[in-house]
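What follows is the content of run25.cif, which has mmCIF, C-alpha atoms:
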data_input
#
loop_
_atom_site.label_atom_id
_atom_site.label_comp_id
_atom_site.auth_asym_id
_atom_site.auth_seq_id
_atom_site.Cartn_x
_atom_site.Cartn_y
_atom_site.Cartn_z
CA MET A 252 14.98 7.54 -26.59
CA PRO A 253 15.79 6.48 -23.02
CA ASP A 254 18.56 8.38 -21.23
CA MET A 255 21.13 5.59 -21.39
CA ALA A 256 24.25 7.74 -21.79
CA ALA A 257 26.13 8.80 -18.69
CA THR A 258 27.50 11.85 -20.45
CA GLY A 259 24.40 13.36 -22.04
CA GLY A 260 24.49 14.19 -25.74
CA PRO A 261 22.76 12.44 -28.63
CA ILE A 262 22.44 8.65 -28.72
CA LYS A 263 22.76 6.75 -32.01
CA LEU A 264 20.21 4.18 -33.11
CA ILE A 265 22.13 1.22 -34.50
CA ARG A 266 19.41 -1.24 -35.43
CA TRP A 267 15.66 -1.65 -35.26
CA LEU A 268 14.50 -5.09 -34.08
CA VAL A 269 10.83 -4.38 -34.84
CA ALA A 270 8.90 -2.99 -37.81
CA PRO A 271 5.59 -1.13 -38.19
CA GLY A 272 2.72 -3.54 -37.62
CA ASP A 273 4.61 -5.63 -35.05
CA THR A 274 2.98 -6.25 -31.71
CA VAL A 275 5.33 -5.66 -28.78
CA ARG A 276 5.15 -6.31 -25.04
CA ARG A 277 6.38 -4.04 -22.27
CA GLY A 278 10.00 -4.99 -21.64
CA GLN A 279 10.58 -6.39 -25.14
CA VAL A 280 13.82 -5.29 -26.77
CA VAL A 281 12.89 -3.17 -29.78
CA ALA A 282 16.17 -1.54 -30.82
CA GLU A 283 19.90 -1.34 -30.24
CA ILE A 284 21.51 1.99 -29.50
CA GLU A 285 25.08 3.16 -29.07
CA THR A 286 26.20 5.50 -26.31
CA ASP A 287 29.72 6.79 -25.63
CA LYS A 288 30.24 3.70 -23.54
CA ALA A 289 28.57 0.73 -25.16
CA VAL A 290 25.96 -0.69 -27.47
CA THR A 291 22.87 -1.39 -25.43
CA GLU A 292 19.23 -2.30 -25.85
CA VAL A 293 16.03 -0.29 -25.79
CA GLU A 294 12.98 -1.93 -24.26
CA SER A 295 9.41 -1.02 -25.05
CA THR A 296 7.79 0.79 -22.13
CA ALA A 297 4.26 -0.32 -23.12
CA ASP A 298 2.28 -3.15 -24.70
CA GLY A 299 0.90 -2.41 -28.15
CA LYS A 300 1.36 -2.33 -31.89
CA ILE A 301 4.11 -0.33 -33.58
CA ASP A 302 2.53 2.27 -35.87
CA ARG A 303 5.64 3.87 -37.33
CA LEU A 304 9.33 4.33 -36.64
CA LEU A 305 10.42 7.95 -36.19
CA LEU A 306 14.18 7.45 -36.31
CA GLU A 307 16.22 5.73 -39.02
CA GLU A 308 19.06 3.34 -38.31
CA GLY A 309 22.26 5.36 -38.04
CA GLU A 310 20.47 8.52 -36.92
CA SER A 311 20.99 10.03 -33.48
CA ALA A 312 18.57 11.64 -31.05
CA GLU A 313 18.64 13.35 -27.67
CA ALA A 314 17.30 11.43 -24.68
CA GLY A 315 13.58 11.96 -24.37
CA THR A 316 12.96 12.22 -28.12
CA PRO A 317 10.20 9.91 -29.42
CA ILE A 318 11.74 7.19 -31.63
CA ALA A 319 8.58 5.27 -32.54
CA ALA A 320 4.82 5.74 -32.38
CA MET A 321 2.45 3.08 -31.17
CA GLU A 322 -1.21 2.54 -31.98
CA ASP A 323 -3.50 3.57 -29.20
CA ASN A 324 -5.87 0.61 -29.28
CA SER A 325 -3.77 -1.88 -27.30
CA MET B 93 11.56 -26.49 4.96
CA ILE B 94 10.51 -28.78 7.77
CA ARG B 95 9.13 -26.16 10.13
CA SER B 96 5.44 -25.44 10.04
CA TYR B 97 4.33 -21.89 9.42
CA GLU B 98 1.15 -19.93 9.78
CA LYS B 99 -0.45 -19.50 6.38
CA GLU B 100 -0.87 -15.75 6.89
CA ARG B 101 2.81 -15.33 7.68
CA LEU B 102 3.80 -17.18 4.52
CA LEU B 103 1.44 -15.15 2.37
CA GLY B 104 2.87 -12.02 3.97
CA LEU B 105 6.35 -13.03 2.83
CA TYR B 106 5.07 -13.67 -0.68
CA ARG B 107 3.23 -10.36 -0.76
CA ARG B 108 6.31 -8.47 0.35
CA MET B 109 8.54 -10.11 -2.27
CA VAL B 110 6.02 -9.40 -5.04
CA LEU B 111 5.74 -5.80 -3.83
CA ILE B 112 9.51 -5.38 -4.17
CA ARG B 113 9.62 -6.98 -7.65
CA GLU B 114 6.71 -4.93 -8.97
CA PHE B 115 7.96 -1.73 -7.33
CA GLU B 116 11.31 -2.18 -9.07
CA GLU B 117 9.72 -3.02 -12.41
CA ARG B 118 7.48 0.05 -12.25
CA VAL B 119 10.44 2.24 -11.36
CA ARG B 120 12.50 0.75 -14.19
CA PHE B 121 9.90 1.72 -16.77
CA LEU B 122 9.41 5.17 -15.23
CA PHE B 123 13.14 5.70 -15.81
CA LEU B 124 13.06 4.31 -19.35
CA GLU B 125 10.12 6.55 -20.20
CA GLY B 126 12.08 9.52 -18.91
CA THR B 127 9.43 10.28 -16.28
CA MET B 128 11.76 9.80 -13.32
CA PRO B 129 15.11 11.60 -12.95
CA GLY B 130 18.45 10.37 -11.62
CA THR B 131 19.94 6.90 -11.67
CA ILE B 132 18.88 3.64 -10.05
CA HIS B 133 20.39 0.42 -8.76
CA GLN B 134 17.73 -2.26 -8.65
CA CYS B 135 17.30 -5.59 -6.89
CA GLN B 136 15.02 -7.73 -9.07
CA GLY B 137 15.95 -11.33 -8.25
CA GLN B 138 17.20 -10.51 -4.76
CA GLU B 139 13.81 -10.17 -3.03
CA ALA B 140 14.23 -13.18 -0.74
CA THR B 141 17.32 -11.76 0.96
CA ALA B 142 15.65 -8.51 1.96
CA VAL B 143 12.33 -10.09 2.95
CA GLY B 144 13.80 -13.14 4.70
CA VAL B 145 16.17 -11.07 6.82
CA CYS B 146 13.74 -8.30 7.76
CA ALA B 147 10.92 -10.75 8.58
CA ALA B 148 13.15 -12.18 11.32
CA LEU B 149 13.79 -8.77 12.91
CA ARG B 150 11.91 -6.75 15.48
CA ASP B 151 10.43 -3.40 14.52
CA ASP B 152 12.98 -1.62 16.72
CA ASP B 153 15.99 -3.40 15.20
CA PHE B 154 17.89 -1.26 12.73
CA ILE B 155 19.11 -2.02 9.23
CA VAL B 156 21.79 -0.25 7.23
CA SER B 157 21.45 -0.52 3.47
CA THR B 158 23.35 0.29 0.30
CA PHE B 159 22.88 2.02 -3.05
CA ARG B 160 20.73 -1.02 -3.96
CA GLY B 161 18.29 -0.40 -1.15
CA HIS B 162 14.71 -0.29 -2.41
CA GLY B 163 14.09 -3.92 -1.46
CA HIS B 164 15.56 -3.52 2.04
CA ALA B 165 13.41 -0.45 2.64
CA LEU B 166 10.18 -2.11 1.54
CA ALA B 167 11.07 -5.23 3.55
CA LYS B 168 11.68 -3.17 6.71
CA GLY B 169 8.30 -1.54 6.38
CA LEU B 170 8.75 1.74 4.54
CA SER B 171 5.64 2.51 2.51
CA PRO B 172 5.81 2.39 -1.28
CA GLN B 173 4.17 5.83 -1.30
CA SER B 174 6.91 7.45 0.80
CA MET B 175 9.55 5.82 -1.40
CA LEU B 176 7.96 6.77 -4.73
CA ASP B 177 7.53 10.31 -3.44
CA GLU B 178 11.22 10.26 -2.56
CA LEU B 179 12.15 9.01 -6.04
CA PHE B 180 10.19 11.88 -7.57
CA GLY B 181 12.04 14.32 -5.28
CA ALA B 182 8.84 15.29 -3.45
CA SER B 183 8.86 16.87 0.01
CA THR B 184 6.49 14.11 1.15
CA GLY B 185 9.19 11.48 0.47
CA CYS B 186 10.77 9.42 3.26
CA CYS B 187 13.79 11.80 3.21
CA ARG B 188 11.67 14.81 2.19
CA GLY B 189 12.90 14.54 -1.38
CA LYS B 190 16.52 15.15 -0.50
CA GLY B 191 17.76 11.58 -0.44
CA GLY B 192 16.53 9.90 -3.60
CA SER B 193 17.06 6.35 -4.72
CA MET B 194 20.37 5.72 -2.97
CA HIS B 195 19.45 7.12 0.44
CA MET B 196 16.10 5.53 1.26
CA GLY B 197 15.49 5.38 4.97
CA ASP B 198 13.12 6.10 7.83
CA MET B 199 14.33 6.18 11.43
CA SER B 200 10.82 5.42 12.70
CA ARG B 201 10.89 2.15 10.74
CA GLY B 202 14.35 1.12 11.88
CA MET B 203 16.26 2.05 8.76
CA ILE B 204 18.84 4.80 8.69
CA PRO B 205 19.04 6.46 5.27
CA ALA B 206 21.01 4.11 3.04
CA ILE B 207 24.74 4.61 2.54
CA ALA B 208 25.68 4.60 -1.13
CA ILE B 209 29.45 4.21 -0.63
CA VAL B 210 30.46 0.56 -1.06
CA ALA B 211 30.98 -0.90 2.47
CA GLY B 212 30.31 2.52 3.98
CA GLY B 213 27.38 1.30 6.04
CA ILE B 214 29.16 -1.60 7.74
CA PRO B 215 31.06 0.50 10.33
CA LEU B 216 27.84 2.39 11.05
CA ALA B 217 26.10 -0.87 11.91
CA ALA B 218 28.97 -1.80 14.22
CA GLY B 219 28.67 1.58 15.91
CA MET B 220 24.93 1.23 16.31
CA ALA B 221 25.39 -2.26 17.71
CA LEU B 222 27.85 -0.84 20.25
CA ALA B 223 25.23 1.71 21.30
CA PHE B 224 22.59 -1.02 21.64
CA LYS B 225 24.95 -3.09 23.76
CA MET B 226 25.87 -0.18 26.03
CA ARG B 227 22.20 0.73 26.47
CA GLN B 228 21.30 -2.95 26.95
CA SER B 229 18.31 -2.32 24.71
CA GLY B 230 18.17 -5.79 23.21
CA GLU B 231 18.11 -4.39 19.69
CA ILE B 232 20.40 -5.56 16.93
CA ALA B 233 21.93 -3.76 13.97
CA VAL B 234 21.95 -5.40 10.56
CA ALA B 235 24.27 -4.32 7.77
CA PHE B 236 23.39 -5.30 4.21
CA PHE B 237 26.25 -5.17 1.73
CA GLY B 238 27.33 -6.85 -1.49
CA ASP B 239 30.21 -9.19 -2.33
CA GLY B 240 32.18 -6.22 -3.64
CA ALA B 241 32.17 -4.61 -0.19
CA VAL B 242 34.16 -7.46 1.36
CA ALA B 243 37.37 -6.20 -0.25
CA GLU B 244 37.02 -2.77 1.35
CA GLY B 245 38.99 -1.83 4.44
CA ALA B 246 35.80 -0.66 6.11
CA PHE B 247 34.52 -4.26 6.15
CA HIS B 248 37.62 -5.50 7.99
CA GLU B 249 37.62 -2.67 10.50
CA ALA B 250 33.94 -3.01 11.32
CA VAL B 251 33.70 -6.77 11.62
CA ASN B 252 36.89 -6.94 13.68
CA MET B 253 35.59 -4.34 16.11
CA ALA B 254 32.23 -6.10 16.34
CA ALA B 255 34.05 -9.37 17.02
CA ILE B 256 36.33 -8.17 19.82
CA TRP B 257 33.39 -6.55 21.62
CA ASN B 258 30.83 -9.31 20.87
CA LEU B 259 28.48 -6.73 19.41
CA PRO B 260 24.84 -7.50 18.47
CA ALA B 261 25.61 -6.93 14.80
CA LEU B 262 24.45 -9.09 11.95
CA PHE B 263 26.52 -8.73 8.80
CA VAL B 264 24.50 -9.77 5.76
CA CYS B 265 26.46 -10.19 2.54
CA GLU B 266 24.22 -10.47 -0.50
CA ASN B 267 26.59 -12.34 -2.77
CA ASN B 268 25.18 -11.85 -6.27
CA LEU B 269 28.47 -12.90 -7.92
CA TYR B 270 29.29 -9.50 -9.40
CA GLY B 271 30.78 -6.31 -8.02
CA ALA B 272 29.31 -4.05 -10.73
CA SER B 273 30.53 -5.98 -13.80
CA THR B 274 33.40 -7.91 -12.16
CA HIS B 275 32.88 -11.57 -11.27
CA ILE B 276 33.94 -12.46 -7.72
CA SER B 277 36.36 -15.11 -8.99
CA LYS B 278 38.48 -12.27 -10.40
CA VAL B 279 38.80 -10.48 -7.09
CA MET B 280 38.95 -13.22 -4.44
CA LYS B 281 40.72 -16.57 -4.21
CA ASN B 282 38.31 -18.01 -1.66
CA THR B 283 34.89 -17.07 -2.96
CA LYS B 284 33.08 -18.54 0.05
CA ILE B 285 32.61 -15.25 1.86
CA SER B 286 31.18 -16.75 5.07
CA ASP B 287 34.59 -18.38 5.67
CA ARG B 288 35.96 -14.97 6.53
CA ALA B 289 34.08 -14.84 9.81
CA ALA B 290 36.31 -17.55 11.27
CA SER B 291 39.40 -15.42 10.80
CA TYR B 292 37.83 -12.80 13.07
CA GLY B 293 36.69 -15.42 15.58
CA PHE B 294 32.94 -15.50 15.03
CA ARG B 295 30.39 -17.60 13.18
CA GLY B 296 29.67 -17.34 9.47
CA GLU B 297 27.12 -19.23 7.42
CA THR B 298 26.32 -19.50 3.72
CA VAL B 299 22.62 -19.70 2.89
CA ASP B 300 20.57 -20.12 -0.28
CA GLY B 301 19.58 -16.49 -0.66
CA ASN B 302 16.85 -17.29 -3.17
CA ASP B 303 14.97 -19.37 -0.58
CA VAL B 304 13.08 -16.92 1.60
CA LEU B 305 12.41 -19.44 4.39
CA ALA B 306 16.05 -20.52 4.52
CA VAL B 307 17.03 -16.85 4.87
CA LEU B 308 14.36 -16.23 7.51
CA GLU B 309 15.44 -19.21 9.62
CA ALA B 310 19.15 -18.42 9.35
CA THR B 311 18.44 -14.82 10.37
CA GLU B 312 16.31 -15.89 13.33
CA ARG B 313 19.18 -18.07 14.58
CA ALA B 314 21.74 -15.33 14.05
CA ALA B 315 19.56 -12.63 15.62
CA ALA B 316 18.97 -14.81 18.70
CA GLU B 317 22.73 -15.27 19.08
CA CYS B 318 23.27 -11.53 18.81
CA ARG B 319 20.62 -10.82 21.47
CA ARG B 320 22.26 -13.35 23.80
CA GLY B 321 25.55 -11.48 23.53
CA GLU B 322 27.03 -14.13 21.25
CA GLY B 323 27.34 -11.90 18.20
CA PRO B 324 28.33 -10.85 15.70
CA VAL B 325 27.33 -13.24 12.90
CA LEU B 326 28.13 -13.11 9.20
CA LEU B 327 25.47 -14.43 6.84
CA GLU B 328 26.39 -14.91 3.21
CA LEU B 329 23.23 -15.10 1.08
CA LEU B 330 23.77 -16.50 -2.40
CA THR B 331 21.60 -14.67 -4.89
CA TYR B 332 21.56 -13.09 -8.34
CA ARG B 333 20.39 -9.83 -9.80
CA ARG B 334 18.23 -10.08 -12.88
CA VAL B 335 19.04 -6.57 -14.07
CA GLY B 336 22.14 -4.48 -14.67
CA HIS B 337 24.25 -3.01 -11.87
CA SER B 338 22.67 0.37 -12.53
CA ARG B 339 20.22 1.92 -14.89
CA ARG B 340 22.58 2.18 -17.84
CA ASP B 341 24.21 -1.24 -17.51
CA PRO B 342 23.04 -3.70 -20.20
CA CYS B 343 24.44 -6.57 -18.11
CA HIS B 344 26.20 -8.27 -21.01
CA TYR B 345 28.84 -9.73 -18.71
CA GLN B 346 26.36 -12.22 -17.22
CA PRO B 347 26.64 -15.34 -19.41
CA LYS B 348 23.34 -16.56 -20.86
CA SER B 349 23.68 -20.03 -19.32
CA GLU B 350 24.37 -18.52 -15.90
CA ARG B 351 21.35 -16.21 -16.19
CA GLU B 352 19.07 -19.05 -17.21
CA ALA B 353 20.30 -21.28 -14.38
CA TRP B 354 19.59 -18.57 -11.81
CA PHE B 355 16.31 -17.49 -13.38
CA SER B 356 15.07 -21.06 -12.98
CA ARG B 357 15.63 -20.57 -9.24
CA ASP B 358 13.80 -17.25 -9.06
CA PRO B 359 12.93 -16.58 -5.39
CA ILE B 360 9.34 -15.52 -6.06
CA GLU B 361 8.47 -18.30 -8.47
CA ARG B 362 10.03 -20.91 -6.18
CA PHE B 363 8.12 -19.65 -3.19
CA ALA B 364 4.87 -19.51 -5.18
CA GLU B 365 5.40 -23.17 -6.07
CA TYR B 366 6.03 -24.03 -2.43
CA LEU B 367 2.86 -22.23 -1.34
CA VAL B 368 0.69 -23.96 -3.91
CA GLN B 369 2.20 -27.42 -3.42
CA GLY B 370 1.98 -27.09 0.36
CA GLY B 371 -1.69 -26.19 0.14
CA TYR B 372 -1.15 -22.71 1.62
CA ALA B 373 -2.55 -20.91 -1.41
CA THR B 374 -4.10 -21.52 -4.78
CA ALA B 375 -2.72 -20.03 -7.97
CA GLU B 376 -5.81 -17.83 -7.92
CA THR B 377 -4.97 -16.43 -4.44
CA LEU B 378 -1.46 -15.56 -5.57
CA LYS B 379 -2.79 -13.91 -8.71
CA GLN B 380 -5.14 -11.87 -6.54
CA ILE B 381 -2.19 -10.71 -4.39
CA ARG B 382 -0.24 -9.65 -7.47
CA SER B 383 -3.22 -7.80 -8.83
CA GLU B 384 -3.79 -5.93 -5.54
CA ILE B 385 -0.16 -4.84 -5.48
CA ASP B 386 -0.38 -3.74 -9.09
CA GLY B 387 -3.36 -1.52 -8.28
CA GLU B 388 -1.74 -0.15 -5.14
CA LEU B 389 1.40 0.84 -7.06
CA THR B 390 -0.60 2.52 -9.82
CA THR B 391 -2.32 4.68 -7.21
CA CYS B 392 0.99 5.46 -5.47
CA ILE B 393 2.70 6.47 -8.73
CA GLU B 394 -0.07 8.87 -9.71
CA ALA B 395 0.03 10.44 -6.25
CA ALA B 396 3.84 10.69 -6.31
CA LYS B 397 3.81 12.48 -9.66
CA ALA B 398 1.51 15.12 -8.19
CA ALA B 399 3.27 15.35 -4.79
CA PRO B 400 4.73 18.75 -3.81
CA GLN B 401 8.39 19.49 -4.50
CA PRO B 402 10.59 21.06 -1.81
CA THR B 403 10.74 24.85 -2.03
CA ALA B 404 13.88 26.98 -2.26
CA GLU B 405 13.29 28.06 1.35
CA GLN B 406 13.58 24.41 2.43
CA LEU B 407 16.93 23.95 0.69
CA LEU B 408 19.01 23.90 3.87
CA GLU B 409 16.46 22.18 6.14
CA ASP B 410 17.45 18.72 7.42
CA VAL B 411 20.77 18.92 5.63
CA PHE B 412 23.06 19.76 8.54
CA ALA B 413 23.09 17.92 11.86
#

Show me, as structure tokens, the structure contained in the file I just sent.
Amino acid sequence: MPDMAATGGPIKLIRWLVAPGDTVRRGQVVAEIETDKAVTEVESTADGKIDRLLLEEGESAEAGTPIAAMEDNS
Amino acid sequence: MIRSYEKERLLGLYRRMVLIREFEERVRFLFLEGTMPGTIHQCQGQEATAVGVCAALRDDDFIVSTFRGHGHALAKGLSPQSMLDELFGASTGCCRGKGGSMHMGDMSRGMIPAIAIVAGGIPLAAGMALAFKMRQSGEIAVAFFGDGAVAEGAFHEAVNMAAIWNLPALFVCENNLYGASTHISKVMKNTKISDRAASYGFRGETVDGNDVLAVLEATERAAAECRRGEGPVLLELLTYRRVGHSRRDPCHYQPKSEREAWFSRDPIERFAEYLVQGGYATAETLKQIRSEIDGELTTCIEAAKAAPQPTAEQLLEDVFA
């Protein structure tokens, strides 16, 4: 979870835009999150294949928490 | 683009613009990963303004930058290593880890640490230009600022003072259409910012800020005027930022059609096309340049992560004048 909230505190995952098995590129939008201020987008920080999602839609997590795992063979 | 240029000089401009773009992209992902602390204001899309202006300056000329200053710093000759070290708060950074993203600078490279207050650097440039004039040193001072700064009192005070004393000051407005999220049409009736120079009695010019050679040539003309005692000059460079105002800004206020129109005039892609069509470089040469920069930045980032942090004993060093 990127630190996109100016106020700290948990950030809510609104919607996943990818599913396990999807191949993503660095910079690709993979999810929408909601901070105190706005709904914004999360970009993948690496190229690779999504292995599993670690956070459900509607759940919240602190900045820095892993929200998805990627396969290591990219 | 009717002037002829040395091939090496042109490739140098390309290299510097790619360095800025890639530096900013690397930093963006370091922030998203949570590896790098703090906040950032980035300049992807505005590389031609920084590179075009600084390529027309002498090493001993000074620039004054803003909170969006990474591009200016790289264009004026600060090393990516000293800047990445600074971003990681390391004592080997250009401000010994005490400045961070918004205060990049290096006096030995002709860049005072950037001023993060909107328009705050403009009076400093006027003051430096006054010093240069009094010393008859032949140097000029260049203030970079955004369209939002034009509405600040500091802009008026500084440009007026520079005008009445004919100071060797070059005022460079990077007009990227938005002051944070507010479109310029909502805050000014006459959105042609260069027109303002006339009301102070000096010359202003609007330039395609996504054309690095147009910026370079306009700056060379303006700098020559300043050195002849015919300054100041106001350059308005029309450009566009491809990313949000700051790290947490999703940039939703930029309409899709507007973004696409500007992206099709990307300064780096346009210049790459010019280089290839003009026979200055092959696509392969340009790819090689990008790959070299990529490798250089990877090395710099690894070194910056391992660079020493300032100690508690150093807390008060370099903080007070």

Residue with the minimum atom-to-atom distance to chain B, picked from A:Pro317, A:Gly272, A:Gly309, A:Gly299 with only C-alpha atoms counted, is A:Pro317

Write out as an mmCIF file with C-alpha atoms, in the frame of the given file the residues lying within 9 Å of Thr296 (chain A), counting only C-alpha atoms and excluding same-chain residues fewer than 6 positions away.
data_model
loop_
_atom_site.group_PDB
_atom_site.id
_atom_site.type_symbol
_atom_site.label_atom_id
_atom_site.label_comp_id
_atom_site.auth_asym_id
_atom_site.auth_seq_id
_atom_site.Cartn_x
_atom_site.Cartn_y
_atom_site.Cartn_z
ATOM 1 C CA ARG A 276 5.150 -6.310 -25.040
ATOM 2 C CA ARG A 277 6.380 -4.040 -22.270
ATOM 3 C CA GLY A 278 10.000 -4.990 -21.640
ATOM 4 C CA GLN A 279 10.580 -6.390 -25.140
ATOM 5 C CA PHE B 121 9.900 1.720 -16.770
ATOM 6 C CA LEU B 122 9.410 5.170 -15.230
ATOM 7 C CA LEU B 124 13.060 4.310 -19.350
ATOM 8 C CA GLU B 125 10.120 6.550 -20.200
#

Taking all atoms listed in the file into account, report as a ChimeraX atom specification which residues of chain B lie within 10 Å of chain A.
/B:117-118,120-127,129-131,339-344

With the PyMOL selection byres ((chain B and resi 245-254) around 8) as the selection, what would be picked from this file? Answer as a PyMOL selection string, please.
chain B and resi 211-212+214-215+218+221-222+241-244+255-261+263+292+323-324

Might you spell out which residues the PyMOL selection byres ((chain B and resi 280-286) around 6) would select in the displayed file, as an mmCIF file with C-alpha atoms, keeping the file's coordinate frame?
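selection_29.cif, freshly written:
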data_model
loop_
_atom_site.group_PDB
_atom_site.id
_atom_site.type_symbol
_atom_site.label_atom_id
_atom_site.label_comp_id
_atom_site.auth_asym_id
_atom_site.auth_seq_id
_atom_site.Cartn_x
_atom_site.Cartn_y
_atom_site.Cartn_z
ATOM 1 C CA SER B 277 36.360 -15.110 -8.990
ATOM 2 C CA VAL B 279 38.800 -10.480 -7.090
ATOM 3 C CA ASP B 287 34.590 -18.380 5.670
ATOM 4 C CA ARG B 288 35.960 -14.970 6.530
ATOM 5 C CA ALA B 289 34.080 -14.840 9.810
ATOM 6 C CA GLY B 296 29.670 -17.340 9.470
ATOM 7 C CA GLU B 297 27.120 -19.230 7.420
ATOM 8 C CA THR B 298 26.320 -19.500 3.720
ATOM 9 C CA GLU B 328 26.390 -14.910 3.210
#
